[in-house]
Structure formats: C-alpha cells, structure tokens
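Next comes final_5.pdb, with PDB, C-alpha atoms and all ligand atoms.
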ATOM      1  CA  MET N1429     -13.997  49.946 -13.487
ATOM      2  CA  ALA N1430     -17.672  50.457 -14.313
ATOM      3  CA  ALA N1431     -19.728  47.378 -15.159
ATOM      4  CA  THR N1432     -20.137  46.642 -18.863
ATOM      5  CA  THR N1433     -23.754  46.435 -20.016
ATOM      6  CA  ILE N1434     -25.448  45.490 -23.267
ATOM      7  CA  ALA N1435     -26.263  49.183 -23.666
ATOM      8  CA  LYS N1436     -22.550  49.975 -23.539
ATOM      9  CA  LEU N1437     -21.763  47.336 -26.189
ATOM     10  CA  ALA N1438     -24.503  48.800 -28.429
ATOM     11  CA  LYS N1439     -23.072  52.287 -27.906
ATOM     12  CA  MET N1440     -19.605  51.032 -28.853
ATOM     13  CA  LYS N1441     -20.991  49.800 -32.184
ATOM     14  CA  ALA N1442     -22.813  53.085 -32.767
ATOM     15  CA  GLU N1443     -19.614  55.023 -32.073
ATOM     16  CA  GLY N1444     -17.332  52.685 -34.027
ATOM     17  CA  GLU N1445     -15.324  51.416 -31.051
ATOM     18  CA  LYS N1446     -14.350  47.778 -31.571
ATOM     19  CA  ILE N1447     -15.403  45.263 -28.907
ATOM     20  CA  ALA N1448     -12.651  42.926 -27.633
ATOM     21  CA  SER N1449     -13.751  39.691 -25.982
ATOM     22  CA  LEU N1450     -12.391  36.317 -24.939
ATOM     23  CA  THR N1451     -13.754  33.067 -23.632
ATOM     24  CA  ALA N1452     -13.188  32.538 -19.898
ATOM     25  CA  TYR N1453     -13.778  29.493 -17.733
ATOM     26  CA  ASP N1454     -12.343  30.277 -14.311
ATOM     27  CA  ALA N1455     -11.990  33.041 -11.731
ATOM     28  CA  SER N1456      -8.258  33.636 -12.094
ATOM     29  CA  PHE N1457      -8.306  34.298 -15.831
ATOM     30  CA  ALA N1458     -11.586  36.211 -15.566
ATOM     31  CA  ARG N1459      -9.895  38.584 -13.110
ATOM     32  CA  LEU N1460      -6.900  39.027 -15.404
ATOM     33  CA  PHE N1461      -9.131  39.661 -18.439
ATOM     34  CA  ALA N1462     -11.190  42.235 -16.534
ATOM     35  CA  GLU N1463      -7.999  44.000 -15.421
ATOM     36  CA  GLN N1464      -6.818  44.227 -19.034
ATOM     37  CA  GLY N1465     -10.049  45.790 -20.289
ATOM     38  CA  ILE N1466     -11.749  42.861 -22.035
ATOM     39  CA  ASP N1467     -15.244  44.173 -22.899
ATOM     40  CA  PHE N1468     -17.096  40.913 -22.227
ATOM     41  CA  MET N1469     -16.340  37.266 -21.513
ATOM     42  CA  LEU N1470     -18.014  34.170 -22.886
ATOM     43  CA  VAL N1471     -18.245  30.969 -20.881
ATOM     44  CA  GLY N1472     -18.182  28.974 -24.101
ATOM     45  CA  ASP N1473     -19.150  25.366 -24.561
ATOM     46  CA  SER N1474     -15.675  25.272 -26.117
ATOM     47  CA  LEU N1475     -14.835  24.189 -22.559
ATOM     48  CA  GLY N1476     -15.675  20.731 -23.918
ATOM     49  CA  ASN N1477     -12.458  21.077 -25.907
ATOM     50  CA  THR N1478     -10.294  23.307 -23.720
ATOM     51  CA  ILE N1479     -11.201  22.008 -20.240
ATOM     52  CA  LEU N1480     -12.522  18.486 -20.835
ATOM     53  CA  GLY N1481     -10.335  17.579 -23.791
ATOM     54  CA  ALA N1482     -13.218  16.221 -25.890
ATOM     55  CA  SER N1483     -13.122  16.431 -29.691
ATOM     56  CA  SER N1484     -16.376  18.429 -29.881
ATOM     57  CA  THR N1485     -18.666  20.561 -27.729
ATOM     58  CA  LEU N1486     -21.413  17.922 -27.651
ATOM     59  CA  PRO N1487     -20.626  16.342 -24.223
ATOM     60  CA  VAL N1488     -21.062  19.679 -22.411
ATOM     61  CA  THR N1489     -24.067  20.081 -20.075
ATOM     62  CA  THR N1490     -25.845  23.120 -18.630
ATOM     63  CA  GLU N1491     -24.435  22.140 -15.228
ATOM     64  CA  ASN N1492     -20.894  22.305 -16.645
ATOM     65  CA  ILE N1493     -21.499  25.800 -18.049
ATOM     66  CA  ALA N1494     -23.189  26.940 -14.814
ATOM     67  CA  TYR N1495     -20.208  25.820 -12.707
ATOM     68  CA  HIS N1496     -17.737  27.734 -14.890
ATOM     69  CA  THR N1497     -20.062  30.756 -15.105
ATOM     70  CA  GLN N1498     -20.045  30.951 -11.317
ATOM     71  CA  ALA N1499     -16.249  30.837 -11.352
ATOM     72  CA  VAL N1500     -15.979  33.609 -13.952
ATOM     73  CA  ARG N1501     -18.540  35.731 -12.108
ATOM     74  CA  ASN N1502     -16.591  35.333  -8.849
ATOM     75  CA  GLY N1503     -13.358  36.403 -10.530
ATOM     76  CA  ALA N1504     -14.882  39.362 -12.372
ATOM     77  CA  PRO N1505     -17.906  40.699 -10.467
ATOM     78  CA  GLN N1506     -18.354  43.691 -12.820
ATOM     79  CA  ALA N1507     -17.816  41.910 -16.131
ATOM     80  CA  PHE N1508     -20.451  41.333 -18.791
ATOM     81  CA  VAL N1509     -20.624  37.522 -18.882
ATOM     82  CA  ILE N1510     -22.321  35.493 -21.605
ATOM     83  CA  ALA N1511     -22.970  31.792 -20.984
ATOM     84  CA  ASP N1512     -23.311  29.295 -23.835
ATOM     85  CA  MET N1513     -26.397  27.119 -23.870
ATOM     86  CA  PRO N1514     -24.975  23.675 -24.660
ATOM     87  CA  PHE N1515     -26.069  21.090 -27.229
ATOM     88  CA  MET N1516     -29.729  20.004 -26.875
ATOM     89  CA  SER N1517     -30.396  22.288 -23.903
ATOM     90  CA  TYR N1518     -32.687  24.528 -26.007
ATOM     91  CA  ALA N1519     -34.487  22.024 -28.215
ATOM     92  CA  THR N1520     -37.836  23.655 -27.329
ATOM     93  CA  PRO N1521     -38.634  27.188 -26.105
ATOM     94  CA  THR N1522     -39.793  25.855 -22.724
ATOM     95  CA  GLN N1523     -36.648  23.812 -22.199
ATOM     96  CA  ALA N1524     -34.569  26.822 -23.208
ATOM     97  CA  CYS N1525     -36.205  28.940 -20.499
ATOM     98  CA  GLU N1526     -35.611  26.307 -17.811
ATOM     99  CA  GLU N1527     -31.961  25.793 -18.766
ATOM    100  CA  ALA N1528     -31.263  29.502 -19.283
ATOM    101  CA  ALA N1529     -32.541  30.178 -15.761
ATOM    102  CA  LYS N1530     -29.754  27.966 -14.373
ATOM    103  CA  LEU N1531     -27.146  29.980 -16.242
ATOM    104  CA  MET N1532     -28.606  33.333 -15.208
ATOM    105  CA  ARG N1533     -28.688  32.161 -11.554
ATOM    106  CA  ALA N1534     -25.032  31.157 -11.898
ATOM    107  CA  GLY N1535     -24.172  34.756 -12.767
ATOM    108  CA  ALA N1536     -24.604  35.153 -16.535
ATOM    109  CA  ASN N1537     -25.853  38.450 -18.001
ATOM    110  CA  MET N1538     -26.858  36.851 -21.314
ATOM    111  CA  VAL N1539     -27.085  33.416 -22.924
ATOM    112  CA  LYS N1540     -25.884  32.357 -26.377
ATOM    113  CA  LEU N1541     -27.610  29.897 -28.719
ATOM    114  CA  GLU N1542     -26.448  28.495 -32.068
ATOM    115  CA  GLY N1543     -28.808  28.691 -35.026
ATOM    116  CA  GLY N1544     -31.142  30.718 -37.211
ATOM    117  CA  ASP N1545     -34.809  30.481 -38.195
ATOM    118  CA  TRP N1546     -35.755  27.594 -35.904
ATOM    119  CA  LEU N1547     -34.740  29.690 -32.847
ATOM    120  CA  LEU N1548     -36.935  32.742 -33.413
ATOM    121  CA  ASP N1549     -39.756  31.632 -31.086
ATOM    122  CA  THR N1550     -37.219  30.561 -28.462
ATOM    123  CA  ILE N1551     -35.485  33.936 -28.576
ATOM    124  CA  ARG N1552     -38.771  35.821 -28.288
ATOM    125  CA  MET N1553     -39.736  33.673 -25.304
ATOM    126  CA  LEU N1554     -36.387  34.160 -23.517
ATOM    127  CA  VAL N1555     -36.298  37.914 -24.124
ATOM    128  CA  GLU N1556     -39.910  38.389 -22.991
ATOM    129  CA  ARG N1557     -38.936  36.586 -19.795
ATOM    130  CA  SER N1558     -35.927  38.848 -19.201
ATOM    131  CA  VAL N1559     -33.108  36.650 -20.503
ATOM    132  CA  PRO N1560     -30.947  38.634 -22.963
ATOM    133  CA  VAL N1561     -29.846  36.586 -25.981
ATOM    134  CA  CYS N1562     -26.711  36.441 -28.092
ATOM    135  CA  ALA N1563     -27.279  34.602 -31.397
ATOM    136  CA  HIS N1564     -24.614  32.657 -33.309
ATOM    137  CA  LEU N1565     -24.487  32.072 -37.098
ATOM    138  CA  GLY N1566     -21.945  30.727 -39.578
ATOM    139  CA  LEU N1567     -20.045  27.678 -38.374
ATOM    140  CA  LEU N1568     -22.105  26.096 -35.595
ATOM    141  CA  PRO N1569     -19.871  23.664 -33.672
ATOM    142  CA  GLN N1570     -22.882  21.948 -32.049
ATOM    143  CA  SER N1571     -23.945  20.943 -35.594
ATOM    144  CA  VAL N1572     -20.568  19.401 -36.516
ATOM    145  CA  ASN N1573     -22.166  16.017 -37.204
ATOM    146  CA  VAL N1574     -24.622  17.580 -39.654
ATOM    147  CA  LEU N1575     -22.023  19.854 -41.276
ATOM    148  CA  GLY N1576     -19.485  17.037 -41.606
ATOM    149  CA  GLY N1577     -16.604  18.997 -40.118
ATOM    150  CA  TYR N1578     -15.429  22.458 -39.104
ATOM    151  CA  LYS N1579     -15.565  24.403 -42.382
ATOM    152  CA  VAL N1580     -16.034  27.997 -43.513
ATOM    153  CA  GLN N1581     -19.756  28.707 -44.019
ATOM    154  CA  GLY N1582     -21.657  31.064 -46.336
ATOM    155  CA  LYS N1583     -19.247  31.019 -49.277
ATOM    156  CA  GLU N1584     -21.848  30.528 -52.045
ATOM    157  CA  ALA N1585     -24.014  33.549 -52.889
ATOM    158  CA  SER N1586     -27.256  31.778 -51.911
ATOM    159  CA  ALA N1587     -25.849  30.653 -48.556
ATOM    160  CA  ALA N1588     -24.562  34.172 -47.906
ATOM    161  CA  ASP N1589     -27.950  35.735 -48.710
ATOM    162  CA  ASN N1590     -29.647  33.214 -46.458
ATOM    163  CA  THR N1591     -27.281  34.050 -43.590
ATOM    164  CA  VAL N1592     -27.967  37.788 -43.972
ATOM    165  CA  ARG N1593     -31.712  37.109 -43.909
ATOM    166  CA  GLN N1594     -31.400  34.945 -40.780
ATOM    167  CA  ALA N1595     -29.270  37.557 -39.031
ATOM    168  CA  MET N1596     -32.004  40.141 -39.627
ATOM    169  CA  ALA N1597     -34.653  37.734 -38.327
ATOM    170  CA  LEU N1598     -32.635  37.007 -35.163
ATOM    171  CA  GLN N1599     -32.292  40.737 -34.459
ATOM    172  CA  GLU N1600     -36.005  41.208 -35.123
ATOM    173  CA  ALA N1601     -36.808  38.398 -32.655
ATOM    174  CA  GLY N1602     -34.885  40.225 -29.938
ATOM    175  CA  ALA N1603     -31.274  39.007 -30.047
ATOM    176  CA  GLN N1604     -28.984  41.814 -28.832
ATOM    177  CA  LEU N1605     -25.628  40.449 -30.004
ATOM    178  CA  LEU N1606     -24.586  38.124 -32.844
ATOM    179  CA  VAL N1607     -21.496  35.901 -33.038
ATOM    180  CA  LEU N1608     -20.337  35.146 -36.588
ATOM    181  CA  GLU N1609     -18.004  32.162 -36.786
ATOM    182  CA  CYS N1610     -15.896  31.235 -39.830
ATOM    183  CA  VAL N1611     -17.601  33.185 -42.601
ATOM    184  CA  PRO N1612     -16.001  35.214 -45.411
ATOM    185  CA  THR N1613     -15.045  38.798 -44.546
ATOM    186  CA  SER N1614     -17.456  40.166 -47.187
ATOM    187  CA  LEU N1615     -20.444  38.354 -45.643
ATOM    188  CA  ALA N1616     -19.563  39.473 -42.111
ATOM    189  CA  GLN N1617     -19.247  43.034 -43.403
ATOM    190  CA  ARG N1618     -22.695  42.897 -45.066
ATOM    191  CA  ILE N1619     -24.291  41.640 -41.850
ATOM    192  CA  SER N1620     -22.433  44.123 -39.637
ATOM    193  CA  GLU N1621     -23.584  47.040 -41.803
ATOM    194  CA  LYS N1622     -27.184  45.843 -41.945
ATOM    195  CA  LEU N1623     -27.715  45.079 -38.255
ATOM    196  CA  THR N1624     -28.030  47.625 -35.480
ATOM    197  CA  ILE N1625     -26.886  45.058 -32.861
ATOM    198  CA  PRO N1626     -23.129  44.404 -32.566
ATOM    199  CA  THR N1627     -21.575  41.499 -34.481
ATOM    200  CA  ILE N1628     -18.714  39.602 -32.830
ATOM    201  CA  GLY N1629     -16.475  37.688 -35.200
ATOM    202  CA  ILE N1630     -14.266  34.636 -34.843
ATOM    203  CA  GLY N1631     -12.736  33.791 -38.196
ATOM    204  CA  ALA N1632     -15.098  36.378 -39.724
ATOM    205  CA  GLY N1633     -12.649  39.124 -40.663
ATOM    206  CA  PRO N1634     -11.928  42.638 -39.399
ATOM    207  CA  GLU N1635     -15.243  44.259 -40.410
ATOM    208  CA  CYS N1636     -17.221  42.851 -37.468
ATOM    209  CA  ASP N1637     -18.074  45.196 -34.607
ATOM    210  CA  GLY N1638     -15.978  43.092 -32.257
ATOM    211  CA  GLN N1639     -13.811  39.999 -31.983
ATOM    212  CA  ILE N1640     -13.686  36.934 -29.779
ATOM    213  CA  LEU N1641     -11.065  34.210 -29.430
ATOM    214  CA  VAL N1642     -10.905  31.079 -27.347
ATOM    215  CA  MET N1643      -8.471  32.075 -24.579
ATOM    216  CA  HIS N1644      -6.371  28.926 -24.918
ATOM    217  CA  ASP N1645      -5.903  29.652 -28.634
ATOM    218  CA  MET N1646      -4.695  33.211 -28.053
ATOM    219  CA  PHE N1647      -2.168  31.880 -25.533
ATOM    220  CA  GLY N1648      -0.993  29.270 -28.057
ATOM    221  CA  LEU N1649      -2.032  26.345 -25.865
ATOM    222  CA  ASN N1650      -3.675  24.179 -28.525
ATOM    223  CA  SER N1651      -0.683  23.086 -30.520
ATOM    224  CA  ASP N1652      -1.982  20.132 -32.567
ATOM    225  CA  TYR N1653      -4.352  22.159 -34.748
ATOM    226  CA  LEU N1654      -4.363  25.944 -35.045
ATOM    227  CA  PRO N1655      -7.163  27.409 -37.158
ATOM    228  CA  LYS N1656      -6.175  30.140 -39.618
ATOM    229  CA  PHE N1657      -7.997  32.866 -37.631
ATOM    230  CA  VAL N1658      -5.992  32.268 -34.432
ATOM    231  CA  LYS N1659      -3.029  34.336 -33.353
ATOM    232  CA  ASN N1660      -0.721  33.407 -30.485
ATOM    233  CA  PHE N1661      -0.442  36.684 -28.556
ATOM    234  CA  LEU N1662       1.637  35.167 -25.762
ATOM    235  CA  ALA N1663       4.512  34.359 -28.117
ATOM    236  CA  GLU N1664       5.104  38.059 -28.837
ATOM    237  CA  ALA N1665       4.139  39.413 -25.439
ATOM    238  CA  GLY N1666       6.037  37.050 -23.132
ATOM    239  CA  ASP N1667       3.541  37.147 -20.251
ATOM    240  CA  LEU N1668      -0.207  36.620 -19.860
ATOM    241  CA  SER N1669      -1.232  40.177 -18.947
ATOM    242  CA  THR N1670       0.730  41.756 -21.786
ATOM    243  CA  ALA N1671      -0.682  39.189 -24.229
ATOM    244  CA  VAL N1672      -4.258  40.144 -23.301
ATOM    245  CA  GLN N1673      -3.384  43.839 -23.329
ATOM    246  CA  GLN N1674      -1.962  43.522 -26.864
ATOM    247  CA  TYR N1675      -4.970  41.519 -28.032
ATOM    248  CA  VAL N1676      -7.309  44.278 -26.770
ATOM    249  CA  GLN N1677      -5.137  46.960 -28.350
ATOM    250  CA  GLN N1678      -4.896  45.228 -31.729
ATOM    251  CA  VAL N1679      -8.662  44.590 -31.859
ATOM    252  CA  LYS N1680      -9.386  48.218 -30.907
ATOM    253  CA  GLU N1681      -7.012  49.663 -33.511
ATOM    254  CA  GLY N1682      -8.236  47.198 -36.156
ATOM    255  CA  SER N1683      -4.899  45.477 -36.779
ATOM    256  CA  PHE N1684      -6.230  42.094 -35.580
ATOM    257  CA  PRO N1685      -7.563  40.139 -37.362
ATOM    258  CA  GLY N1686      -5.514  40.813 -40.489
ATOM    259  CA  PRO N1687      -6.092  39.324 -43.960
ATOM    260  CA  GLU N1688      -3.905  36.351 -42.990
ATOM    261  CA  HIS N1689      -6.472  35.458 -40.259
ATOM    262  CA  SER N1690      -9.546  35.956 -42.468
ATOM    263  CA  PHE N1691     -11.439  34.102 -45.188
ATOM    264  CA  LYS N1692     -12.202  35.464 -48.651
ATOM    265  CA  GLY N1693     -15.683  35.112 -50.173
TER     266      GLY N1693
HETATM  267  O1  LIG N1701     -17.756  28.157 -27.236
HETATM  268  C1  LIG N1701     -17.105  29.112 -27.683
HETATM  269  O2  LIG N1701     -15.945  29.358 -27.315
HETATM  270  C2  LIG N1701     -17.726  29.967 -28.684
HETATM  271  C3  LIG N1701     -16.872  30.994 -29.344
HETATM  272  C4  LIG N1701     -15.943  30.334 -30.285
HETATM  273  C5  LIG N1701     -17.674  32.053 -29.999
HETATM  274  O3  LIG N1701     -18.889  29.792 -28.969
HETATM  275 NA    NA N1702     -19.793  27.910 -28.184
END

The structure in this file should be written as structure tokens.
Amino acid sequence: MAATTIAKLAKMKAEGEKIASLTAYDASFARLFAEQGIDFMLVGDSLGNTILGASSTLPVTTENIAYHTQAVRNGAPQAFVIADMPFMSYATPTQACEEAAKLMRAGANMVKLEGGDWLLDTIRMLVERSVPVCAHLGLLPQSVNVLGGYKVQGKEASAADNTVRQAMALQEAGAQLLVLECVPTSLAQRISEKLTIPTIGIGAGPECDGQILVMHDMFGLNSDYLPKFVKNFLAEAGDLSTAVQQYVQQVKEGSFPGPEHSFKG
C-alpha cells in the first residue's frame, strides 16, 4: 500500500472521502490497523490512560510518546503517524521545537498540540522548521484541571464563535489538520465547512472530514466509563481485524458516528 501523506488527507477532504483514524501505541496493532486501511494513526497522550492506567494525560512525557512512536513506526513503516506533544512540553515555541524534534526522530510525520490563540507563534515556528502540525480544539484533556472535568465544549453561541475564530487562526498559522474533541455537531460542521484543512472529530458528530477513536475504546476495553461518542466495534465483529474493517467502512460511508454518538448544540 502506498504511504499516506498530508497531501493525500487534504485531497480526501477536497473530494469528500471521509478519513478514518485510530490511536495506536505499539507495533502489533499498528500493523493490523495499516492492513485494514486506517488512513492515519495517532500516538496519543491518551496512553497515560490506556497504557499507564493514570486518570489523566498529565503524567505523560515526550520520552513516553517517542518510545511508542518508534513502536508504531516499526509496525507500520508506510503509515502517516501523528505524535502527541504531551502536557507542558510546548510551553514556549523554543521548547516545542526541541521536544518535537524527539518525536520526529522517533518516526512521527506530524505532531499534535492542544490549544488555540496562545499556540499561533509556536505553530509558525514548528512549520517554518519543517515540523507539520495538527491542532486540537474543543475539549482539551491536558487542561482538565482548568476545565474542571471532561465536558462538551462550545455549547454557548459565544464559545462556539470563539472556537470557529481560533480554528481559522490555527489554519492561518500553518496547522494542516485539526482535531475537534467533544463539541456539538453544528459547531464541528461550521468549522469543517470554513476550513480548507481536514477536521478530525472525536465526539464531534458526523460532519467532520474524518473520525478518530481511542483504539481501546473501539475494542470495548475501557468498561468502567464509556463516553457517549464511543462504539464497541469488537462486540459486533467478533475479531480484531473485522472490528477495524467495520470501523473504517462505517466512517467512510458516514454511518458512524450516528446521532446517538453525537452532541447537540
Ligand atoms: O490522545 C489522544 O488519544 C487524542 C485523541 C483522543 C484525539 O488526543
Ligand atoms: Na491527546
């Protein structure tokens, strides 16, 4: 299979083909995801939850992400791999460049950062220095202590307008992909229509240009708390490969996420 590139993801948006992605943390799953046609993989700092068992993503370090990025790269040499920059690893533009370099050396094609206006200089600096950037708006898990919990974001009209404005600014600064987490479907739709770069939703409704899920969630592995936007694909499919295949198929045909997995404005 040909390598996925950011140009291909942009073309998919332009042509209306939905992008199907998952988090990945190791070589074995990365190989399986690549075989089933996952368009890109994210080495998420959600590994703080899924791998480490912590209650937030805050304990995760750049070294942790780099180790798992190497594993994913080894398992899927042709895949488009995004690596999360963890909490406080991009507090200044200079620090962001130093930490991003570790992730790019580990095999990432792009790094992801959580936030809006305060990141514009950082994004410009990374992109000028040849590090592609994925932005992330809506629910920002690294800000859980400021937000006071994991809640849907951008419900009020003023918050929604502000999120649209920030999304435009992030694109303008050079971000080439945007994750939207836990926002109403109507807001995600507005942003997806306005931006030329692809939007990737998680709990952001079916109108995004693509979808991502935490792999453990789509296999039904986190049983104590299942967010509304999660679907257990393994339960229906019966085996791992078929579960991933059905996830890809349902994202591509637009049947996942449905209204039951999405938030109203
Ligand atoms: O860390 C992660 O898994 C993520 C996705 C939920 C987008 O950032
Ligand atoms: Na993350």

List all protein, DNA and RNA residues that have at least one atom no more than 8 Å from any atom of ligand LIG 1701 (chain N), counting only C-alpha atoms and all ligand atoms, and write them as a PyMOL selection string. chain N and resi 1451+1470-1475+1485+1512+1540+1564+1569+1607-1609+1629-1630+1640-1642

When you count only C-alpha atoms, which of these residues is closest to N:Gln1677: N:Phe1661, N:Phe1691, N:Phe1647, N:Tyr1518? N:Phe1661

For this structure, which residues satisfy the selection - the PyMOL selection byres (((chain N and resi 1603) around 9) and not hetatm) - when it is evaluated on the file as given? I want them as a PyMOL selection string. chain N and resi 1551-1552+1555+1560-1563+1598-1602+1604-1606+1625

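The smallest atom-to-atom distance between ligand NA 1702 (chain N) and any of N:Gly1544, N:Gly1566, N:Gly1686, N:Pro1514, using all atoms listed in the file, is found for N:Pro1514.
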
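Rounded to one decimal, atom CA of N:Ala1588 and atom CA of N:Leu1615 lie 6.3 Å from each other.
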
Which residue out of N:Pro1612, N:Gly1535, N:Gly1543, N:Gly1481 has the minimum interatomic distance to ligand NA 1702 (chain N) when all atoms listed in the file are used? N:Gly1543

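Straight-line separation from atom CA of N:Val1500 to atom CA of N:Ala1536: 9.1 Å.
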
Starting from the displayed file, determine the output of the PyMOL selection byres (((chain N and resi 1457-1464) around 6) and not hetatm) and express the residue list as a PDB file with C-alpha atoms, in the coordinates of the input.
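Saved the output as out-v6.pdb:
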ATOM      1  CA  ALA N1452     -13.188  32.538 -19.898  1.00  0.00           C
ATOM      2  CA  ASP N1454     -12.343  30.277 -14.311  1.00  0.00           C
ATOM      3  CA  ALA N1455     -11.990  33.041 -11.731  1.00  0.00           C
ATOM      4  CA  SER N1456      -8.258  33.636 -12.094  1.00  0.00           C
ATOM      5  CA  GLY N1465     -10.049  45.790 -20.289  1.00  0.00           C
ATOM      6  CA  ILE N1466     -11.749  42.861 -22.035  1.00  0.00           C
ATOM      7  CA  VAL N1500     -15.979  33.609 -13.952  1.00  0.00           C
ATOM      8  CA  GLY N1503     -13.358  36.403 -10.530  1.00  0.00           C
ATOM      9  CA  ALA N1504     -14.882  39.362 -12.372  1.00  0.00           C
ATOM     10  CA  GLN N1673      -3.384  43.839 -23.329  1.00  0.00           C
TER      11      GLN N1673
END

Mind pulling up the distance from atom CA of N:Ile1628 to atom CA of N:Val1509?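 One can read the atom CA of N:Val1509 to atom CA of N:Ile1628 distance as 14.2 Å.
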
Convert the output of the PyMOL selection byres (((chain N and resi 1662-1666) around 10) and not hetatm) on the shown file into explicit residues, formatted as an NGL selection string. :N and (1645-1649 or 1659-1661 or 1667-1675)

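Checking N:Ile1434, N:Val1676, N:Leu1541, N:Val1580 one by one against ligand NA 1702 (chain N), counting all atoms listed in the file, you find the shortest gap at N:Leu1541.
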